[in-house]
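Asker: Provided herewith is a single structure, encoded as structure tokens, for subsequent inquiry.
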Amino acid sequence: MTHAGARRIWGLMYRHLALYRRSWPRLLELAYWPVLQMCIWGFTASFLATRMGNAAALAGATLLGGVLLWEVALRSQMGVAISFLEEMWSRNLGHVFVSPMRPWELVAALILMSVIRMAAGVLPAILVAWLLYAYNLFALGPIVVLFFMNLMIMGWAVALAVVSLILRHGAGAEALAWSVLFGLTPFSAVFYPVAVLPAVLRPIALALPSAHVFEGMRGVLLNGEVRWDHLIAAFALNVVWLTGAALLFARQFRQARLRGALLSIGE
Amino acid sequence: MRKSPIPRASPAAYAPAMDTIRVHHLTKRYAETLAVDDVSFTVPAGATVGLLGGNGAGKTTTIAMLLGLLIPTAGTIEVLGHDMARDRFAALARMNFSSPYVSLPQRLSVAENLRVYGHLYNVAHLECRIAELSAELDLGDLLDRATGKLSAGQKTRVALAKALINRPELLLLDEPTASLDPDTGDWARTWLERYRDESGCTILLASHNMAEVERLCSHVLMLKRGRIVDRGSPQELLDRYGREDMEEVFLDIARDRRRMVAPA
């Protein structure tokens, strides 16, 4: 990457970081839902563990691990999509698109912002889990980094698809930025194994990188084994998902330039 | 002839060796609508050219194609020697754009907005450039204020600072003084004139303010229903239509009430 390219990426990140620097409610909002989720599910898991003993404690650990890791995917996806929406809402995209910023640099800036937003949201939730329930996600070992990476990449792929739909359909598609990943939750096997799903739904689940990550997480938590087969499948699927999303974005960006949608996006 | 209320720029010769913009048979069609219809023109380096026409005449579509926001259906655009179809980013780094209809992030301070765009345009010694623009455009007291809380006149100064952050060789201005009071509008025009004269910047200006066009533009392109229906210096157009101001010329063209005067 050239120095000029790096500066353009930093320029767009600076625009978002400057807002967070002066607005504590914005910063608080990033951590609010992940911490709230952790409180609700953490107390539920604690309650079950005190009533039902070791088996429930283990189930509680998989529940908390699932909640925290799913937040990684959710926050990564929302981090990209909402940063893009903020550009659209401020009617600033016209200036960005007529600057020398390349579309891939815009995507890189949105992805880097999503890493920051995800960290600002999920790390407090991890801390809450440790302080309130003595649950340490990092006790899973270094493998947790690979879980994080896969869920982040999947979140970015979904977000790029959402941004593509916003480029295609304008503000009418913006609700997808919040809702689309929730629709994938049942198939991602966050809180239960893929085997629990009806046979007809299992191929859908196994096409999601997240389902392999959560199968891998349960493998470590319940059996103490690293399921490399699932991790490799997750990485391979992410390559396919991200490539597909990048191609969709490139196509919709060009279509938007053909239709004149970049002029009126957000209206 | 009645004197124009605003002194006119002396008409520049319209055939210098080097053109900043070359547009050749440019066409844009949306489904059944022909927004720009086989338009060709050149803008010589250092000139200020006005793009005039009623609503829907094709001005914004033409500017959007010049900025690379819109892909033409047919035709070619060359800006600062770069083919916009293949090499638009090289041209975009050397030009800039201002429009009251495209905002800067309202919650960012003026200085933060200028920093953002300074990075996007890879401006060297950015803080010095911001200080320079701040002094030239009298932004000192505004730098730390939220952009959204400024008055229309103050926002215009900030928009100009953003448009000049990279010392552009080409400036595309879409109604730069729309919604400004006469005093602020006059200030903006005076400033643009001075900047153009000092920097040699080429300006393409879309405006509905005919006095502004007479004052700033060395050449005018009259658009109607996507086609260039007339062109020339403001003085040539006034003479050709036998009118005293560009407002009347504009109305003659817009309402098809042509009353061209034969050359003496």
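Going by the structure tokens order, chains are called A, B, ..., each with residues numbered from 1, while ligands are numbered from 1 in the order shown.
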Considering only C-alpha atoms, extract the chain B residues located within 6 Å of chain A and return them as a list in words.

Answerer: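 So the residues of chain B near chain A are Leu67, Leu69, Leu70, Ile71, Phe89, Leu92, Ala93, Ser103, Leu104, Pro105, Val116, His119, Leu120 and Asn122 of chain B.
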
Asker: Need the shell around region 139-145 of chain B: protein/DNA/RNA residues with any atom at most 9 Å away, counting only C-alpha atoms. Skip same-chain ones fewer than 5 positions apart. Format as a PyMOL selection string?

Answerer: chain B and resi 108-112+131+133-134+150+154+157-158+161

Asker: Point out the residue among B:Arg240, B:Arg29, B:Arg94, B:Arg107 with the least atom-to-atom distance to Thr202 (chain B), counting only C-alpha atoms.

Answerer: B:Arg94

Asker: Restricting the calculation to only C-alpha atoms: of A:Leu36, A:His212, A:Phe182, A:Arg251, which residue gets closest to Ala195 (chain A)?

Answerer: A:His212

Asker: Interatomic distance between CA of Leu170 (chain B) and CA of Leu204 (chain B)?

Answerer: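 Those two atoms sit 7.7 Å apart.
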
Asker: Any chance you could list, as a PyMOL selection string, the residues in region 46-252 of chain A that come up helix (DSSP H, G or I) when DSSP is run on the backbone?

Answerer: chain A and resi 46-52+54-89+93-97+103-133+137-140+143-173+176-187+194-196+202-206+209-223+228-252

Asker: Compile the contact shell of Arg225 (chain B) as a list in words: residues with an atom at most 7 Å away, counting only C-alpha atoms, same-chain residues fewer than 2 positions apart removed.

Answerer: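 Using only C-alpha atoms, the neighbours found are Gly56, Ala57, Gly58, Leu223 and Arg227 of chain B.
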
Asker: Please, could you write that set of residues out with C-alpha atoms as a PDB file, in the first residue's frame?

Answerer:
ATOM      1  CA  GLY B  56     -33.188  19.240 -15.348  1.00  0.00           C
ATOM      2  CA  ALA B  57     -31.040  20.694 -18.119  1.00  0.00           C
ATOM      3  CA  GLY B  58     -28.204  18.253 -17.347  1.00  0.00           C
ATOM      4  CA  LEU B 223     -27.626  23.628 -21.547  1.00  0.00           C
ATOM      5  CA  ARG B 227     -27.822  19.518 -25.049  1.00  0.00           C
TER       6      ARG B 227
END

Asker: Neighbouring residues of region 189-197 of chain B were defined as those with any atom within 8 Å, considering only C-alpha atoms; residues of the same chain fewer than 6 positions away were excluded. Please report them as a list of chain:residue names.

Answerer: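 Counting only C-alpha atoms, the residues come to B:Gly46, B:Ile203, B:Glu212, B:Leu216.
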
Asker: Please, could you write that set of residues out with C-alpha atoms as a compact mmCIF listing (two decimals), in the first residue's frame?

Answerer:
# COMPACT_ATOMS: atom_id res chain seq x y z
CA GLY B 46 -7.09 29.00 -16.06
CA ILE B 203 -13.12 26.70 -12.49
CA GLU B 212 -22.47 35.81 -10.70
CA LEU B 216 -16.88 35.32 -12.86

Asker: With distances taken over only C-alpha atoms, which of A:Leu222, A:Val72, A:Ala246, A:Ala159 is nearest to Ala55 (chain A)?

Answerer: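 Of all the options, A:Leu222 lies closest to Ala55 (chain A).
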
Asker: Which residues, written as number ranges by chain, have at least one atom at most 10 Å from His24 (chain B), with only C-alpha atoms counted and residues fewer than 3 positions away on the same chain left out?

Answerer: B: 21, 27, 38-42, 74-78
